[in-house]
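Data block for run.cif (mmCIF, C-alpha atoms and all ligand atoms):
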data_work
loop_
_atom_site.label_atom_id
_atom_site.label_comp_id
_atom_site.auth_asym_id
_atom_site.auth_seq_id
_atom_site.Cartn_x
_atom_site.Cartn_y
_atom_site.Cartn_z
CA MET A 1 -25.21 7.60 42.47
CA ASN A 2 -21.75 8.58 43.69
CA LYS A 3 -21.65 12.41 43.54
CA GLU A 4 -18.02 12.88 42.53
CA GLN A 5 -18.22 10.27 39.80
CA LYS A 6 -21.52 11.60 38.51
CA LYS A 7 -20.20 15.10 37.91
CA ASP A 8 -17.19 13.78 36.08
CA PHE A 9 -19.30 11.41 34.02
CA GLU A 10 -21.88 14.07 33.14
CA THR A 11 -19.13 16.21 31.66
CA LYS A 12 -17.68 13.27 29.75
CA CYS A 13 -21.12 12.54 28.24
CA VAL A 14 -21.12 16.01 26.70
CA HIS A 15 -17.49 16.17 25.58
CA ALA A 16 -16.10 12.64 25.04
CA GLY A 17 -15.08 11.86 21.47
CA MET A 18 -15.35 15.49 20.36
CA GLY A 19 -12.56 17.13 18.35
CA GLU A 20 -11.78 20.17 16.20
CA TYR A 21 -13.81 20.37 13.00
CA GLU A 22 -13.92 22.38 9.80
CA PHE A 23 -15.68 25.78 9.99
CA GLY A 24 -15.58 25.54 13.79
CA SER A 25 -18.44 23.04 13.82
CA VAL A 26 -19.18 22.22 17.48
CA VAL A 27 -20.31 18.66 16.76
CA PRO A 28 -18.67 16.03 14.54
CA PRO A 29 -19.85 16.37 10.92
CA ILE A 30 -21.61 13.40 9.33
CA TYR A 31 -19.14 12.04 6.80
CA GLN A 32 -21.81 10.32 4.74
CA THR A 33 -19.38 8.76 2.32
CA SER A 34 -18.56 5.17 1.50
CA THR A 35 -15.00 5.88 0.40
CA PHE A 36 -12.14 8.41 0.73
CA LYS A 37 -10.04 9.85 -2.11
CA PHE A 38 -6.28 9.17 -2.01
CA LYS A 39 -3.82 12.02 -2.70
CA SER A 40 -1.84 9.71 -4.97
CA ALA A 41 -1.36 6.04 -5.81
CA GLN A 42 1.54 6.02 -3.33
CA HIS A 43 -0.67 7.53 -0.62
CA GLY A 44 -3.36 4.85 -1.17
CA ALA A 45 -0.74 2.10 -0.97
CA ALA A 46 0.75 3.61 2.20
CA LEU A 47 -2.68 3.75 3.86
CA PHE A 48 -3.35 0.10 3.04
CA ALA A 49 0.11 -0.90 4.28
CA GLY A 50 -0.56 0.95 7.55
CA GLU A 51 2.46 3.22 6.96
CA GLU A 52 0.27 6.33 7.04
CA LYS A 53 -2.83 7.10 9.10
CA GLY A 54 -6.06 8.05 7.35
CA TYR A 55 -9.42 6.86 6.16
CA ILE A 56 -9.80 4.43 3.26
CA TYR A 57 -13.31 2.96 3.14
CA THR A 58 -16.21 3.33 5.58
CA ARG A 59 -16.44 -0.41 6.38
CA MET A 60 -12.84 -0.11 7.59
CA LEU A 61 -13.24 3.20 9.49
CA ASN A 62 -15.11 6.50 9.14
CA PRO A 63 -14.47 9.72 11.12
CA THR A 64 -18.09 10.09 12.34
CA VAL A 65 -18.09 6.47 13.48
CA GLU A 66 -14.67 6.87 15.09
CA ALA A 67 -15.86 9.90 17.08
CA LEU A 68 -18.62 7.75 18.59
CA GLU A 69 -16.21 4.86 19.22
CA ASN A 70 -13.79 7.16 21.07
CA CYS A 71 -16.64 8.64 23.10
CA ILE A 72 -17.92 5.28 24.38
CA ALA A 73 -14.39 3.93 24.95
CA GLU A 74 -13.79 6.92 27.23
CA LEU A 75 -17.09 6.46 29.07
CA GLU A 76 -16.30 2.77 29.66
CA GLY A 77 -12.67 3.43 30.64
CA GLY A 78 -11.37 1.33 27.74
CA TYR A 79 -8.78 1.86 25.02
CA LYS A 80 -10.93 1.92 21.88
CA GLY A 81 -14.42 1.12 20.67
CA LEU A 82 -15.65 -0.69 17.57
CA GLY A 83 -19.02 0.46 16.24
CA CYS A 84 -21.26 -2.36 15.00
CA ALA A 85 -24.46 -2.50 12.95
CA SER A 86 -26.45 -3.85 15.92
CA GLY A 87 -25.96 -5.29 19.37
CA MET A 88 -26.10 -8.75 17.80
CA ALA A 89 -23.39 -7.77 15.29
CA ALA A 90 -21.28 -6.81 18.32
CA VAL A 91 -21.97 -10.17 20.01
CA HIS A 92 -21.12 -12.06 16.81
CA THR A 93 -17.93 -10.03 16.28
CA VAL A 94 -16.82 -10.77 19.85
CA PHE A 95 -17.24 -14.53 19.43
CA GLY A 96 -15.86 -14.43 15.87
CA SER A 97 -12.75 -12.64 17.19
CA LEU A 98 -12.15 -14.69 20.32
CA THR A 99 -13.09 -18.27 19.55
CA GLN A 100 -12.24 -21.09 17.18
CA ALA A 101 -13.38 -24.71 16.75
CA GLY A 102 -12.67 -26.70 19.91
CA ASP A 103 -13.09 -23.73 22.26
CA HIS A 104 -15.56 -23.59 25.12
CA VAL A 105 -17.68 -20.68 26.36
CA VAL A 106 -19.36 -20.17 29.74
CA CYS A 107 -22.41 -17.93 29.35
CA SER A 108 -25.14 -16.61 31.66
CA THR A 109 -28.49 -18.37 31.24
CA ALA A 110 -30.27 -15.00 31.50
CA VAL A 111 -29.07 -13.16 28.39
CA TYR A 112 -30.89 -11.59 25.46
CA GLY A 113 -32.60 -14.54 23.66
CA PRO A 114 -30.75 -14.27 20.31
CA THR A 115 -27.37 -14.37 22.13
CA THR A 116 -28.32 -17.82 23.45
CA THR A 117 -29.54 -18.77 19.98
CA LEU A 118 -26.31 -17.54 18.31
CA LEU A 119 -24.20 -19.68 20.66
CA ASN A 120 -26.49 -22.69 20.23
CA SER A 121 -26.64 -22.45 16.43
CA ILE A 122 -23.96 -20.58 14.47
CA MET A 123 -21.16 -20.80 17.04
CA LYS A 124 -22.01 -24.47 17.71
CA LYS A 125 -21.90 -25.15 13.96
CA TYR A 126 -18.39 -23.61 13.92
CA GLY A 127 -17.31 -26.03 16.67
CA VAL A 128 -17.60 -23.74 19.71
CA GLU A 129 -19.35 -25.37 22.66
CA THR A 130 -21.23 -23.38 25.34
CA THR A 131 -22.22 -24.17 28.91
CA PHE A 132 -25.02 -21.94 30.17
CA VAL A 133 -25.07 -21.35 33.92
CA ASP A 134 -26.83 -19.01 36.31
CA THR A 135 -23.88 -16.62 36.68
CA SER A 136 -25.57 -14.94 39.65
CA ASN A 137 -24.25 -18.03 41.47
CA THR A 138 -20.47 -17.58 41.24
CA GLU A 139 -19.81 -21.19 42.26
CA LEU A 140 -21.68 -22.43 39.18
CA VAL A 141 -19.32 -20.37 37.00
CA ARG A 142 -16.31 -21.92 38.73
CA SER A 143 -17.58 -25.44 38.18
CA ALA A 144 -18.50 -24.81 34.52
CA ILE A 145 -14.92 -23.85 33.58
CA LYS A 146 -13.11 -26.43 31.43
CA PRO A 147 -9.45 -26.58 30.29
CA ASN A 148 -10.57 -25.23 26.87
CA THR A 149 -12.76 -22.38 28.22
CA LYS A 150 -11.84 -19.33 26.18
CA VAL A 151 -14.61 -16.87 27.07
CA VAL A 152 -16.74 -16.19 30.13
CA TYR A 153 -19.70 -14.15 28.89
CA VAL A 154 -21.84 -12.34 31.43
CA GLU A 155 -24.89 -10.13 31.06
CA THR A 156 -25.66 -8.27 34.28
CA PRO A 157 -28.39 -7.41 35.04
CA GLY A 158 -29.55 -10.26 32.82
CA ASN A 159 -32.27 -9.85 30.22
CA PRO A 160 -35.06 -10.27 31.25
CA THR A 161 -34.76 -11.72 34.78
CA LEU A 162 -32.48 -8.91 36.09
CA ALA A 163 -30.30 -11.50 37.85
CA ILE A 164 -27.06 -9.82 38.96
CA SER A 165 -23.66 -11.47 38.56
CA ASP A 166 -20.57 -10.63 40.60
CA LEU A 167 -18.24 -9.04 38.04
CA LYS A 168 -15.18 -8.95 40.29
CA GLU A 169 -15.38 -12.57 41.41
CA ILE A 170 -16.21 -13.91 37.95
CA SER A 171 -13.35 -11.93 36.37
CA LYS A 172 -10.98 -13.54 38.89
CA ILE A 173 -12.27 -17.02 37.98
CA ALA A 174 -11.97 -16.30 34.24
CA HIS A 175 -8.44 -14.93 34.54
CA ALA A 176 -7.24 -17.76 36.80
CA ASN A 177 -8.18 -20.05 33.90
CA ASN A 178 -6.74 -17.84 31.12
CA ALA A 179 -10.22 -17.09 29.84
CA ILE A 180 -11.45 -13.71 28.60
CA MET A 181 -14.20 -11.99 30.53
CA VAL A 182 -16.83 -10.35 28.29
CA VAL A 183 -19.67 -8.26 29.75
CA ASP A 184 -22.83 -7.14 27.99
CA ASN A 185 -23.44 -3.81 29.77
CA THR A 186 -26.56 -2.85 27.79
CA PHE A 187 -29.01 -2.79 30.73
CA MET A 188 -26.83 -0.45 32.81
CA SER A 189 -24.99 1.72 30.26
CA PRO A 190 -21.61 3.15 31.33
CA ALA A 191 -23.51 5.67 33.48
CA LEU A 192 -24.46 2.96 35.99
CA GLN A 193 -21.82 0.23 35.69
CA SER A 194 -18.15 0.10 34.70
CA PRO A 195 -17.30 -3.58 34.08
CA ILE A 196 -13.65 -2.80 33.23
CA GLU A 197 -13.16 -1.45 36.78
CA PHE A 198 -14.26 -4.87 38.06
CA GLY A 199 -11.87 -6.79 35.81
CA ALA A 200 -13.77 -7.29 32.53
CA ASP A 201 -11.62 -7.52 29.40
CA ILE A 202 -14.26 -6.68 26.81
CA VAL A 203 -17.50 -4.68 27.21
CA LEU A 204 -20.27 -4.62 24.65
CA HIS A 205 -23.57 -2.81 24.23
CA SER A 206 -26.62 -2.74 22.11
CA LEU A 207 -26.51 0.98 21.26
CA THR A 208 -30.16 0.62 20.30
CA LYS A 209 -31.03 0.91 24.02
CA PHE A 210 -29.97 3.40 26.71
CA LEU A 211 -26.86 4.76 24.97
CA ASN A 212 -28.86 6.11 22.06
CA GLY A 213 -31.97 6.42 24.19
CA HIS A 214 -34.46 7.58 21.57
CA ALA A 215 -35.69 4.37 19.90
CA ASP A 216 -34.61 5.53 16.44
CA VAL A 217 -31.31 3.67 15.84
CA VAL A 218 -30.16 0.05 15.72
CA GLY A 219 -26.48 -0.25 16.61
CA GLY A 220 -23.88 -1.94 18.78
CA ILE A 221 -20.41 -1.34 20.19
CA ILE A 222 -17.49 -3.32 21.56
CA VAL A 223 -14.97 -1.68 23.90
CA VAL A 224 -11.51 -3.23 24.29
CA LYS A 225 -8.66 -2.44 26.65
CA ASP A 226 -5.51 -2.58 24.51
CA GLU A 227 -4.17 -1.90 21.04
CA GLU A 228 -3.41 -5.51 20.16
CA THR A 229 -6.96 -6.65 20.88
CA TYR A 230 -8.30 -3.59 19.06
CA LYS A 231 -6.36 -4.43 15.88
CA HIS A 232 -7.48 -8.04 16.01
CA PHE A 233 -11.14 -7.12 16.55
CA ARG A 234 -10.99 -4.45 13.82
CA LYS A 235 -9.82 -7.10 11.34
CA THR A 236 -12.65 -9.45 12.31
CA LEU A 237 -15.27 -6.68 12.14
CA ASN A 238 -13.97 -5.65 8.73
CA GLN A 239 -14.34 -9.24 7.51
CA LEU A 240 -17.73 -9.89 9.06
CA GLY A 241 -18.82 -6.47 7.81
CA GLY A 242 -21.38 -5.60 10.48
CA VAL A 243 -20.34 -1.97 10.97
CA ILE A 244 -22.51 0.94 12.09
CA ASP A 245 -23.05 3.69 9.50
CA PRO A 246 -22.09 7.39 9.89
CA PHE A 247 -25.62 8.75 10.29
CA ASN A 248 -26.59 6.31 13.03
CA SER A 249 -23.25 7.00 14.73
CA PHE A 250 -24.05 10.69 14.71
CA LEU A 251 -27.48 10.06 16.26
CA VAL A 252 -26.07 7.84 19.02
CA HIS A 253 -23.30 10.34 19.79
CA ARG A 254 -26.00 13.04 20.03
CA GLY A 255 -28.08 10.83 22.35
CA ILE A 256 -25.12 10.23 24.68
CA LYS A 257 -24.91 13.92 25.58
CA THR A 258 -27.99 13.39 27.78
CA LEU A 259 -27.11 9.85 28.92
CA SER A 260 -26.27 10.85 32.46
CA ILE A 261 -29.47 12.81 33.13
CA ARG A 262 -31.61 10.24 31.32
CA MET A 263 -30.21 7.38 33.39
CA GLN A 264 -30.79 9.33 36.57
CA LYS A 265 -34.45 9.84 35.61
CA HIS A 266 -34.88 6.19 34.53
CA CYS A 267 -33.62 5.14 37.98
CA GLU A 268 -35.80 7.64 39.85
CA ASN A 269 -38.92 6.56 37.97
CA ALA A 270 -38.24 2.83 38.06
CA ILE A 271 -37.95 2.57 41.84
CA VAL A 272 -41.31 4.33 42.25
CA VAL A 273 -42.93 1.99 39.70
CA ALA A 274 -41.27 -1.10 41.23
CA GLU A 275 -42.46 -0.19 44.73
CA TYR A 276 -45.96 0.48 43.43
CA LEU A 277 -46.09 -2.90 41.67
CA GLU A 278 -44.64 -4.76 44.65
CA LYS A 279 -47.47 -3.51 46.88
CA HIS A 280 -50.23 -4.25 44.34
CA PRO A 281 -52.42 -7.26 45.26
CA LEU A 282 -52.58 -8.50 41.64
CA ILE A 283 -48.78 -8.67 41.37
CA LYS A 284 -47.14 -11.88 42.52
CA LYS A 285 -43.45 -10.95 42.23
CA VAL A 286 -41.38 -7.96 41.12
CA PHE A 287 -37.74 -8.18 40.05
CA TYR A 288 -35.87 -4.89 40.34
CA PRO A 289 -32.31 -4.54 41.69
CA GLY A 290 -33.31 -1.48 43.72
CA LEU A 291 -35.86 -3.44 45.78
CA LYS A 292 -34.67 -5.07 49.00
CA SER A 293 -36.51 -8.22 47.88
CA HIS A 294 -34.14 -8.63 44.91
CA PRO A 295 -31.92 -11.67 45.60
CA GLN A 296 -28.73 -9.73 44.76
CA TYR A 297 -29.76 -6.36 46.23
CA GLU A 298 -26.49 -5.99 48.18
CA LEU A 299 -24.30 -6.94 45.22
CA ALA A 300 -26.17 -4.49 42.98
CA LYS A 301 -25.45 -1.70 45.48
CA LYS A 302 -21.77 -2.64 45.40
CA GLN A 303 -21.15 -2.83 41.67
CA GLN A 304 -23.84 -0.57 40.19
CA LYS A 305 -24.16 3.21 40.53
CA GLY A 306 -27.94 2.95 40.18
CA SER A 307 -30.63 0.29 39.76
CA GLY A 308 -31.56 1.09 36.15
CA GLY A 309 -34.81 1.47 34.26
CA MET A 310 -35.79 -2.19 33.73
CA ILE A 311 -38.39 -4.03 35.81
CA THR A 312 -39.82 -7.50 35.35
CA PHE A 313 -42.83 -8.84 37.19
CA GLU A 314 -45.31 -11.65 37.35
CA LEU A 315 -49.05 -11.23 37.82
CA GLU A 316 -51.13 -13.44 40.12
CA GLY A 317 -53.17 -14.47 37.07
CA GLY A 318 -50.09 -15.63 35.11
CA PHE A 319 -49.75 -15.21 31.34
CA GLU A 320 -53.47 -14.49 30.65
CA ALA A 321 -53.51 -11.67 33.18
CA GLY A 322 -50.25 -10.37 31.72
CA GLN A 323 -51.83 -10.31 28.26
CA VAL A 324 -54.79 -8.30 29.55
CA LEU A 325 -52.39 -5.86 31.18
CA MET A 326 -50.28 -5.46 28.01
CA ASN A 327 -53.42 -4.97 25.90
CA SER A 328 -54.79 -2.38 28.34
CA VAL A 329 -51.87 0.01 28.82
CA LYS A 330 -52.22 3.30 26.99
CA LEU A 331 -49.14 5.38 27.81
CA CYS A 332 -46.73 2.44 28.02
CA GLN A 333 -46.35 1.05 24.51
CA LEU A 334 -46.53 -2.66 23.72
CA ALA A 335 -43.23 -3.15 21.91
CA VAL A 336 -39.89 -4.94 22.28
CA SER A 337 -36.61 -3.06 22.77
CA LEU A 338 -35.87 -0.93 25.81
CA GLY A 339 -33.88 1.98 27.14
CA GLY A 340 -35.63 4.75 25.22
CA VAL A 341 -37.24 7.84 26.70
CA GLU A 342 -40.64 6.22 26.27
CA SER A 343 -41.96 3.39 28.51
CA LEU A 344 -42.27 0.05 26.72
CA ILE A 345 -43.86 -3.19 27.88
CA GLN A 346 -43.46 -6.69 26.41
CA HIS A 347 -43.73 -10.43 27.09
CA PRO A 348 -40.31 -12.19 27.02
CA ALA A 349 -41.58 -15.80 26.58
CA SER A 350 -43.53 -15.03 23.38
CA MET A 351 -41.38 -12.14 22.14
CA THR A 352 -37.72 -11.30 22.98
CA HIS A 353 -36.87 -14.75 24.33
CA PHE A 354 -39.12 -16.85 22.07
CA SER A 355 -36.27 -17.94 19.72
CA MET A 356 -34.30 -19.70 22.49
CA GLY A 357 -37.06 -22.29 23.05
CA ARG A 358 -39.04 -23.24 26.15
CA GLU A 359 -36.44 -25.59 27.65
CA ALA A 360 -33.70 -22.92 27.64
CA ARG A 361 -36.23 -20.38 28.96
CA MET A 362 -37.13 -22.61 31.89
CA ALA A 363 -33.43 -23.12 32.65
CA ALA A 364 -33.03 -19.33 32.64
CA GLU A 365 -36.09 -18.93 34.90
CA ILE A 366 -37.97 -16.98 32.25
CA SER A 367 -41.46 -18.14 33.16
CA ASP A 368 -44.43 -17.76 30.80
CA GLY A 369 -45.99 -15.25 33.18
CA LEU A 370 -43.09 -12.79 33.21
CA VAL A 371 -43.79 -9.26 31.88
CA ARG A 372 -40.95 -6.79 31.22
CA LEU A 373 -41.26 -3.04 31.57
CA SER A 374 -38.72 -0.50 30.33
CA VAL A 375 -39.51 2.54 32.45
CA GLY A 376 -39.16 5.74 30.43
CA ILE A 377 -38.53 9.31 31.52
CA GLU A 378 -42.17 10.46 31.44
CA ASN A 379 -43.66 11.89 34.63
CA VAL A 380 -43.71 8.88 36.95
CA ASN A 381 -47.29 9.57 38.14
CA ASP A 382 -48.50 9.18 34.57
CA ILE A 383 -46.71 5.81 34.27
CA VAL A 384 -48.18 4.59 37.57
CA LYS A 385 -51.67 5.82 36.62
CA ASP A 386 -51.45 3.97 33.32
CA LEU A 387 -50.46 0.73 35.05
CA GLU A 388 -53.22 1.30 37.60
CA GLN A 389 -55.97 1.59 34.99
CA ALA A 390 -54.58 -1.48 33.15
CA LEU A 391 -54.44 -3.50 36.40
CA GLU A 392 -58.04 -2.42 37.04
CA LYS A 393 -58.95 -4.11 33.71
CA VAL A 394 -57.17 -7.27 34.87
CA ASN A 395 -59.13 -7.10 38.12
CA GLU A 396 -62.48 -6.62 36.30
CA LEU A 397 -61.80 -9.60 34.08
CA GLN A 398 -60.79 -11.82 36.98
CA SER A 399 -63.87 -10.78 38.98
CA LYS A 400 -66.08 -11.65 35.99
CA GLU A 401 -64.40 -15.05 35.68
CA VAL A 402 -65.00 -15.75 39.39
CA GLU A 403 -68.68 -14.72 39.01
CA HIS A 404 -68.96 -16.96 35.97
CA SER A 405 -67.58 -19.98 37.79
CA LEU A 406 -70.00 -19.57 40.72
N1 LIG B 1 -27.75 -7.38 24.40
C1 LIG B 1 -28.82 -7.09 25.15
C2 LIG B 1 -28.72 -7.13 26.65
C3 LIG B 1 -30.03 -6.78 24.53
O1 LIG B 1 -31.08 -6.48 25.31
C4 LIG B 1 -30.11 -6.77 23.12
C5 LIG B 1 -31.37 -6.46 22.41
C6 LIG B 1 -28.96 -7.10 22.38
C7 LIG B 1 -27.79 -7.39 23.06
C8 LIG B 1 -28.96 -7.09 20.89
O2 LIG B 1 -29.02 -5.79 20.41
P1 LIG B 1 -29.66 -5.34 19.00
O3 LIG B 1 -29.04 -6.23 17.99
O4 LIG B 1 -31.12 -5.52 19.10
O5 LIG B 1 -29.22 -3.93 18.88
N2 LIG B 1 -32.50 -6.55 23.22
C9 LIG B 1 -33.74 -6.42 22.82
C10 LIG B 1 -34.84 -6.61 23.69
O6 LIG B 1 -34.76 -6.99 24.86
N3 LIG B 1 -35.93 -6.34 23.04
O7 LIG B 1 -35.72 -6.07 21.72
C11 LIG B 1 -34.28 -6.08 21.50
#
Would you mind writing the file's structure down as structure tokens?
Ligand code: LCS
Amino acid sequence: MNKEQKKDFETKCVHAGMGEYEFGSVVPPIYQTSTFKFKSAQHGAALFAGEEKGYIYTRMLNPTVEALENCIAELEGGYKGLGCASGMAAVHTVFGSLTQAGDHVVCSTAVYGPTTTLLNSIMKKYGVETTFVDTSNTELVRSAIKPNTKVVYVETPGNPTLAISDLKEISKIAHANNAIMVVDNTFMSPALQSPIEFGADIVLHSLTKFLNGHADVVGGIIVVKDEETYKHFRKTLNQLGGVIDPFNSFLVHRGIKTLSIRMQKHCENAIVVAEYLEKHPLIKKVFYPGLKSHPQYELAKKQQKGSGGMITFELEGGFEAGQVLMNSVKLCQLAVSLGGVESLIQHPASMTHFSMGREARMAAEISDGLVRLSVGIENVNDIVKDLEQALEKVNELQSKEVEHSL
């Protein structure tokens, strides 16, 4: 990580979005209220007309939620944030705000499964057409652009393949065609990647992952760069209704105070685990942006401040061997989601990316044998030991099968 930037960012993680509160409270109070009392009928009318500033109703805006939104907007270098009920609510609000029937979207093939499904079902039903391309190949993005392309949507590193897309080059292509560049920055968090610096117009996150970091909240956020876009998105979010609530906002804001040190530890642990797996004879292939073998290793070094906590790999014995591994881990927990302090392991083809269907999975190079590991902040030796004992089980089983076939 860049030293200067890290120090600055660490401080922001602790202080961004904080204000002055009643009784000298150091942290933002949880305004656990659905509605706000008006001083008079005239005051209520003035708030609704936008003539006075203030809170009206929590679906529209709430101070605890706003504190979190301001915090993440500052961390991403944007103008304002919009807190959503989940990462998927954020994705839906982005497409609901930016597109209409007849528009076209270019989207990475390697994105969180339900994002593909949303574009192929609900957005398609509304008349929005999507072309999915491997955005790690910039030329494919260029050739997928059509006169009616409204949005270029990139997830980098992609879930689950960890393919890296060139944010700067793709932003240039999008802007040359009057399209809006949207980046899902969930896998990196603002600690490791700043898409706006590379030309992105909109950044979104599943807060459920690294930003919250403690596997106890479902939430999402959208960060925009200007007031006009903010007002437009706020209207859409208010209509769609998928807002985050005050208590979850408080928890995420609390989690962000340690974002910088957590991300540092995720990165430190993940490279050790990735190198261990890459050398293991039962592992066929490891995908981790911090390994020289990663196809976009150089690009990752250029646009990321660290390689992150996510690793995917394939075992020599394919899906069956992967199942034995996932059933044998003890410290790593077999569960979807990612980005928490605890290590989690899961199988994309039958779990997170099941809904998109086999054909779309094959196009996104999500093979049946791929296993995904979210490396937590435990002591790295304990994580490696756990994988070692689980790989030993895979080895025992394969040896028995060989004996059996003789
Ligand atoms: N974007 C990315 C990159 C994600 O990984 C996820 C969730 C979402 C958006 C949606 O966020 P949510 O609505 O769940 O807050 N990814 C998950 C995963 O890989 N396993 O379980 C959830």
message = For ligand LIG 1 (chain B), return the neighbouring residues as number ranges by chain (distance at most 7 Å; only C-alpha atoms and all ligand atoms).
response = A: 86-89, 111-112, 155, 158-159, 184-187, 205-208, 218-220, 336-338, 352
Point-to-point distance from atom CA of Lys231 of chain A to atom CA of Thr93 of chain A, Å rounded to tenths =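 Straight-line distance from atom CA of Lys231 of chain A to atom CA of Thr93 of chain A works out to 12.9 Å.
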request  = Write out as a ChimeraX atom specification which residues come within 8 Å of Ala335 of chain A when counting all atoms listed in the file, dropping same-chain ones fewer than 5 positions away.
outcome  = /A:344-346
message = Measuring between all atoms listed in the file, which one of A:Asp386, A:Glu69, A:Glu275, A:Glu197 shows the shortest distance to Val252 of chain A?
response = A:Glu69
query = Interatomic distance between atom CA of Thr135 of chain A and atom CA of Met310 of chain A?
reply =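 Spanning atom CA of Thr135 of chain A to atom CA of Met310 of chain A is a straight-line distance of 18.9 Å.
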ask   = Interatomic distance between atom CA of Arg234 of chain A and atom CA of Met60 of chain A?
value = 7.8 Å
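The nearest approach to Lys257 of chain A among the residues A:Thr35, A:Asn212, A:Thr130, A:Thr58, with only C-alpha atoms taken into account, belongs to A:Asn212.
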Distance query 8 Å from (-18.1, 13.1, 6.0) using only C-alpha atoms, result as a PyMOL selection string = chain A and resi 29-33+62-64+246
request  = For Ser355 of chain A, work out the shell of residues within 9 Å, counting only C-alpha atoms and skipping chain neighbours fewer than 3 positions away, then give it as a list in words.
outcome  =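 Neighbouring residues, sequence-local ones excluded: Gly113, Pro114, Thr116, Thr117, Ala349, Ser350, Met351, Thr352 and Arg358 of chain A.
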Take the residues just selected and output them with C-alpha atoms as a compact mmCIF listing (two decimals), keeping the file's coordinate frame.
# COMPACT_ATOMS: atom_id res chain seq x y z
CA GLY A 113 -32.60 -14.54 23.66
CA PRO A 114 -30.75 -14.27 20.31
CA THR A 116 -28.32 -17.82 23.45
CA THR A 117 -29.54 -18.77 19.98
CA ALA A 349 -41.58 -15.80 26.58
CA SER A 350 -43.53 -15.03 23.38
CA MET A 351 -41.38 -12.14 22.14
CA THR A 352 -37.72 -11.30 22.98
CA ARG A 358 -39.04 -23.24 26.15
inquiry  = Given only C-alpha atoms as the basis, pick out the residue of A:Ala363, A:Ile72, A:Ile122, A:Leu47 nearest to Ser108 of chain A.
reply    =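 For Ser108 of chain A, the nearest of the candidates is A:Ala363.
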inquiry  = Nearest residue to Leu240 of chain A out of A:Leu397, A:Cys84, A:Met18, A:Leu167, using all atoms listed in the file?
reply    =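 So, comparing all the options, the nearest one is A:Cys84.
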task = Could you give me, as a list in words, the residues within 12 Å of Glu396 of chain A, counting all atoms listed in the file and dropping anything in the same chain fewer than 6 positions from it?
result =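 The residues satisfying every condition are Leu282, Ala321, Val324, Leu325, Ser328, Gln389, Ala390, Val402 and Glu403 of chain A.
Between Leu119 of chain A and the candidates A:Lys292, A:Met326, A:Ile244, A:Met356, the tightest atom-to-atom separation, counting all atoms listed in the file, involves A:Met356.
For the set A:Thr115, A:Glu51, A:Ile56, A:Gly306, the residue with the smallest atom-to-atom gap to Lys37 of chain A is A:Ile56, counting only C-alpha atoms.
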ask   = Which protein, DNA or RNA residues are at most 12 Å from (-23.6, -11.7, 33.9) in the file's coordinates when you count all atoms listed in the file, listed as a PyMOL selection string?
value = chain A and resi 106-112+132-138+141+152-171+181-188+195+200+203+300
